[in-house]
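Asker: Submitted below is the structure of interest, expressed as structure tokens.
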Amino acid sequence: MLADYKNKKILITGGLGFLGSNLAIKLVELGAEVELYDSLEKDQGGNLFNIKPIRQQVKITKAKLQNARQLKKAVKDKDIIFNIAGHSSHLDSIKDPWVDVETNIIGQLTLLEACRQANPKVKIVYAGTRAQYGKLQTVPVKEDHPLNPLDIYAVNKISAEQYHFIYQKICDLRVVSLRLNNTYGPRHQMKHTKYGVQNYFIRLALDNEEIKIYGSGEQLRDFNYIDDVIEAFLLTGINPRADSQIYNLGSGAPISLLDFVKKVIELAGSGSFQLVPWSAERKQIEVGDYVADFNKIKQELGWQPQVSLDEGLKMTIDFYKENKKYYWD
Ligand SMILES: NC(=O)c1ccc[n+]([C@@H]2O[C@H](COP(=O)([O-])OP(=O)(O)OC[C@H]3O[C@@H](n4cnc5c(N)ncnc54)[C@H](O)[C@@H]3O)[C@@H](O)[C@H]2O)c1
């Protein structure tokens with residue numbers, strides 16, 4: 001089915017970031033015509049090095065989602081939009097809610113309006129998040145679990161997901177939301193711990209530094225390697241069966257944060273860890289165990305993770321060993 005991407009016109013918002021650039025590389029391999037729409041926001045993962053292998057084969061539009069005029073041009077004539085641009089910091093969204101609202105609410109509505117006006121039948125795959133569930137009442141979590149957001153970011157991601165489904169009703173957009181869990185792999189930002197901290201742990205280990213884990217580190221996490229997540233985007237984008245659906249992703253092999261860190265240190269061959277007391281601000285947004293039930297996407301679209309944590313970590317470590325200078329000093 002992925003062969004159907006050949007010659008498809010694709011827009012990726014947030015296309016220079018972690019998920020967007022990895023997806024773009026795969027889409028170019030499949031023969032799609034790809035435009036990347038990204039404003040290279042400060043402190044986020046946008047990085048031109050991410051698209052080095054395909055730099056000459058993609059169009060780049062450097063603009064904000066909030067720019068309605070540019071967006072209308074970009075969405076026109078596209079077959080599929082992977083809507084990945086987002087502000088991702090839970091902590092920042094509490095400290096400065098307006099920044100999060102700008103991208104995750106205003107930007108998202110601007111995109112949907114642009115589609116309504118310039119391309120009302122386009123298919124959109126939205127990058128949702130496990131954070132929409134908040135603290136889990138039942139583990140593993142299914143898509144119909146109540147949404148109990150713990151921060152402004154999560155509230156905004158829920159709203160934006162729902163805006164997508166509202167626009168599906170008011171025009172003919174075809175919408176899918178993927179509620180992503182913790183994803184690791186090549187091309188993530190490695191500058192700070194405001195989001196994607198599992199990737200930052202790899203930086204600390206490679207620099208032979210100490211990784212600080214809040215509390216006991218016993219909380220379960222469900223990590224996916226980037227290539228598996230990209231496969232889920234590709235399947236949901238091309239398969240009409242996914243239209244109108246929400247899907248969880250998961251690993252099928254949850255692991256405690258502590259064991260994850262021990263594995264990172266072992267595979268990197270350097271680094272150490274220490275358990276430290278929770279900071280008040282981190283404790284406030286901690287959700288406890290997170291394990292996803294991904295049977296829905298497995299049964300309906302045949303997706304399941306292919307890359308084990310050991311394999312994925314080895315590939316990630318090798319990538320950053322070779323390309324460290326493009327990600328941190
Ligand atoms: N990576 C994960 O583990 C994960 C997990 C759950 C959800 N998500 C969701 O996926 C999305 C992207 O995550 P990522 O890891 O690729 O982040 P990232 O920071 O690597 O990429 C985001 C990209 O979006 C761009 N961007 C941000 N605001 C923009 C705006 N207003 N206009 C245009 N471009 C803008 C940034 O410049 C950046 O290149 C986010 O919406 C996040 O909520 C990611």
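Residue numbering restarts at 1 in every chain; chains get A, B, ... in the order shown in the structure tokens, and ligands count up from 1 in that same order.
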Taking only C-alpha atoms and all ligand atoms into account, list the residues no farther than 8 Å from ligand 1, as a ChimeraX atom specification.

Answerer: /A:13-21,37-47,62-66,83-88,102-104,107,127-131,157,179-184,187-189,195-196

Asker: Write the selection just made, keeping N, CA and C atoms, as a compact mmCIF listing (two decimals), in the first residue's frame?

Answerer:
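The file below, result.txt, is the result:
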```txt
# COMPACT_ATOMS: atom_id res chain seq x y z
N THR A 13 3.77 19.71 8.09
CA THR A 13 4.03 20.85 8.98
C THR A 13 4.99 20.36 10.05
N GLY A 14 5.90 21.23 10.46
CA GLY A 14 6.94 20.79 11.40
C GLY A 14 7.93 19.85 10.71
N GLY A 15 8.09 20.03 9.41
CA GLY A 15 8.85 19.08 8.59
C GLY A 15 10.35 19.08 8.82
N LEU A 16 10.86 20.08 9.55
CA LEU A 16 12.31 20.08 9.82
C LEU A 16 12.62 19.52 11.22
N GLY A 17 11.58 19.15 11.95
CA GLY A 17 11.77 18.61 13.30
C GLY A 17 12.02 17.11 13.28
N PHE A 18 11.96 16.52 14.46
CA PHE A 18 12.27 15.10 14.65
C PHE A 18 11.34 14.19 13.83
N LEU A 19 10.06 14.24 14.12
CA LEU A 19 9.12 13.35 13.42
C LEU A 19 9.02 13.75 11.94
N GLY A 20 8.90 15.05 11.71
CA GLY A 20 8.67 15.55 10.35
C GLY A 20 9.79 15.19 9.39
N SER A 21 11.03 15.35 9.84
CA SER A 21 12.16 15.09 8.92
C SER A 21 12.32 13.60 8.65
N TYR A 37 6.89 22.50 5.80
CA TYR A 37 6.44 23.83 6.26
C TYR A 37 6.86 23.97 7.71
N ASP A 38 7.77 24.89 8.00
CA ASP A 38 8.34 24.95 9.35
C ASP A 38 8.89 26.35 9.59
N SER A 39 8.71 26.84 10.80
CA SER A 39 9.23 28.19 11.12
C SER A 39 10.54 28.12 11.90
N LEU A 40 11.10 26.93 12.04
CA LEU A 40 12.35 26.77 12.80
C LEU A 40 12.29 27.53 14.12
N GLU A 41 11.30 27.17 14.93
CA GLU A 41 11.10 27.84 16.22
C GLU A 41 12.31 27.66 17.12
N LYS A 42 12.63 28.70 17.84
CA LYS A 42 13.74 28.66 18.79
C LYS A 42 13.44 27.59 19.85
N ASP A 43 14.44 26.86 20.28
CA ASP A 43 14.29 25.86 21.34
C ASP A 43 13.49 24.63 20.93
N GLN A 44 13.18 24.51 19.63
CA GLN A 44 12.49 23.29 19.20
C GLN A 44 13.40 22.49 18.29
N GLY A 45 12.87 21.41 17.74
CA GLY A 45 13.73 20.45 17.07
C GLY A 45 14.04 20.72 15.61
N GLY A 46 13.55 21.82 15.05
CA GLY A 46 13.82 22.11 13.63
C GLY A 46 15.31 22.27 13.40
N ASN A 47 15.83 21.56 12.37
CA ASN A 47 17.28 21.53 12.16
C ASN A 47 17.50 21.14 10.69
N LYS A 62 9.59 28.31 4.83
CA LYS A 62 9.89 28.71 6.21
C LYS A 62 8.85 29.75 6.63
N ALA A 63 7.86 29.30 7.37
CA ALA A 63 6.78 30.20 7.80
C ALA A 63 6.08 29.58 9.00
N LYS A 64 5.39 30.44 9.74
CA LYS A 64 4.64 29.94 10.90
C LYS A 64 3.28 29.40 10.47
N LEU A 65 2.80 28.47 11.27
CA LEU A 65 1.44 27.96 11.04
C LEU A 65 0.42 29.09 11.11
N GLN A 66 0.70 30.09 11.91
CA GLN A 66 -0.24 31.19 12.11
C GLN A 66 -0.33 32.09 10.87
N ASN A 83 0.26 16.72 9.83
CA ASN A 83 0.24 17.94 10.63
C ASN A 83 0.98 17.69 11.95
N ILE A 84 2.28 17.97 11.90
CA ILE A 84 3.16 17.57 13.00
C ILE A 84 3.71 18.77 13.77
N ALA A 85 3.66 19.96 13.18
CA ALA A 85 4.21 21.14 13.89
C ALA A 85 3.50 21.29 15.23
N GLY A 86 4.27 21.48 16.27
CA GLY A 86 3.65 21.66 17.58
C GLY A 86 4.66 22.20 18.56
N HIS A 87 4.13 22.84 19.56
CA HIS A 87 4.94 23.26 20.69
C HIS A 87 4.82 22.11 21.68
N SER A 88 5.95 21.61 22.21
CA SER A 88 5.88 20.32 22.91
C SER A 88 6.22 20.35 24.39
N GLU A 102 -0.36 29.84 20.90
CA GLU A 102 -0.03 30.38 19.57
C GLU A 102 0.08 29.25 18.53
N THR A 103 0.89 28.23 18.84
CA THR A 103 1.09 27.15 17.87
C THR A 103 -0.01 26.10 17.95
N ASN A 104 -0.27 25.62 19.16
CA ASN A 104 -1.13 24.44 19.30
C ASN A 104 -2.62 24.74 19.17
N GLY A 107 -2.36 28.27 15.58
CA GLY A 107 -1.73 27.68 14.40
C GLY A 107 -2.58 26.55 13.83
N ALA A 127 -0.67 14.82 14.72
CA ALA A 127 0.20 14.22 15.73
C ALA A 127 -0.33 14.54 17.13
N GLY A 128 -1.15 13.64 17.66
CA GLY A 128 -1.64 13.77 19.04
C GLY A 128 -0.62 13.20 20.01
N THR A 129 -1.00 13.10 21.26
CA THR A 129 -0.03 12.68 22.27
C THR A 129 -0.66 11.87 23.41
N ARG A 130 0.16 11.02 24.00
CA ARG A 130 -0.26 10.27 25.19
C ARG A 130 -0.65 11.21 26.32
N ALA A 131 -0.10 12.45 26.31
CA ALA A 131 -0.37 13.41 27.38
C ALA A 131 -1.85 13.77 27.45
N LYS A 157 -3.56 20.20 23.04
CA LYS A 157 -3.47 19.10 22.06
C LYS A 157 -4.84 18.41 21.91
N ARG A 179 -2.18 9.15 18.60
CA ARG A 179 -1.77 9.59 19.94
C ARG A 179 -0.43 8.92 20.24
N LEU A 180 0.62 9.69 20.05
CA LEU A 180 1.98 9.16 20.13
C LEU A 180 2.44 9.03 21.57
N ASN A 181 3.26 8.02 21.81
CA ASN A 181 3.91 7.90 23.12
C ASN A 181 5.35 8.39 23.00
N ASN A 182 6.17 8.10 23.98
CA ASN A 182 7.56 8.58 23.96
C ASN A 182 8.30 7.97 22.79
N THR A 183 8.80 8.81 21.92
CA THR A 183 9.52 8.34 20.73
C THR A 183 10.98 8.74 20.84
N TYR A 184 11.86 7.83 20.45
CA TYR A 184 13.29 8.14 20.50
C TYR A 184 13.90 7.77 19.17
N ARG A 187 17.70 12.40 15.00
CA ARG A 187 17.13 13.68 14.56
C ARG A 187 16.23 14.36 15.59
N HIS A 188 16.31 13.93 16.84
CA HIS A 188 15.58 14.66 17.89
C HIS A 188 16.44 15.83 18.36
N GLN A 189 15.81 16.88 18.86
CA GLN A 189 16.62 17.96 19.48
C GLN A 189 17.29 17.40 20.74
N TYR A 195 11.39 18.64 26.56
CA TYR A 195 10.56 17.54 26.05
C TYR A 195 11.48 16.49 25.41
N GLY A 196 10.95 15.29 25.29
CA GLY A 196 11.75 14.22 24.69
C GLY A 196 12.95 13.86 25.55
```

Asker: Could you give me the residues within range 68-223 of chain A that DSSP places in strand (DSSP E), as a PyMOL selection string?

Answerer: chain A and resi 80-83+123-129+174-180+183-184+210-214+220-221

Asker: Tell me, as a tab-separated table (two decimals) with C-alpha atoms, in the first residue's frame, which residues lie within 9 Å of range 260-269 of chain A, counting only C-alpha atoms; anything in the same chain fewer than 4 positions away does not count.

Answerer:
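Below you can see part-v6.tsv, which holds the result:
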```tsv
chain	number	residue	atom	x	y	z
A	198	GLN	CA	14.53	10.01	26.84
A	201	PHE	CA	19.45	10.85	28.47
A	202	ILE	CA	21.33	9.42	25.46
A	205	ALA	CA	25.39	8.98	28.57
A	206	LEU	CA	27.44	9.69	25.43
A	208	ASN	CA	29.81	10.36	30.18
A	211	ILE	CA	21.59	11.14	34.42
A	213	ILE	CA	16.07	10.40	37.60
A	221	ARG	CA	7.09	3.96	29.95
A	255	ILE	CA	9.97	-0.71	30.71
A	256	SER	CA	10.61	1.34	33.85
A	273	PHE	CA	22.74	7.73	37.01
A	309	LEU	CA	14.54	-1.25	22.37
A	310	ASP	CA	18.07	-2.68	22.16
A	313	LEU	CA	19.00	2.38	21.05
A	314	LYS	CA	22.04	1.01	19.24
A	317	ILE	CA	23.62	5.92	19.74
A	318	ASP	CA	25.51	5.27	16.50
```

Asker: Smallest atom-to-atom distance to Tyr327 in chain A: which of A:Arg282, A:Arg241, A:Lys191, A:Lys6, using only C-alpha atoms?

Answerer: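 The closest residue to Tyr327 in chain A is A:Lys191.
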
Asker: Report the distance between CA of Pro146 in chain A and CA of Gly134 in chain A in Å, rounded to one decimal place.

Answerer: 8.9 Å
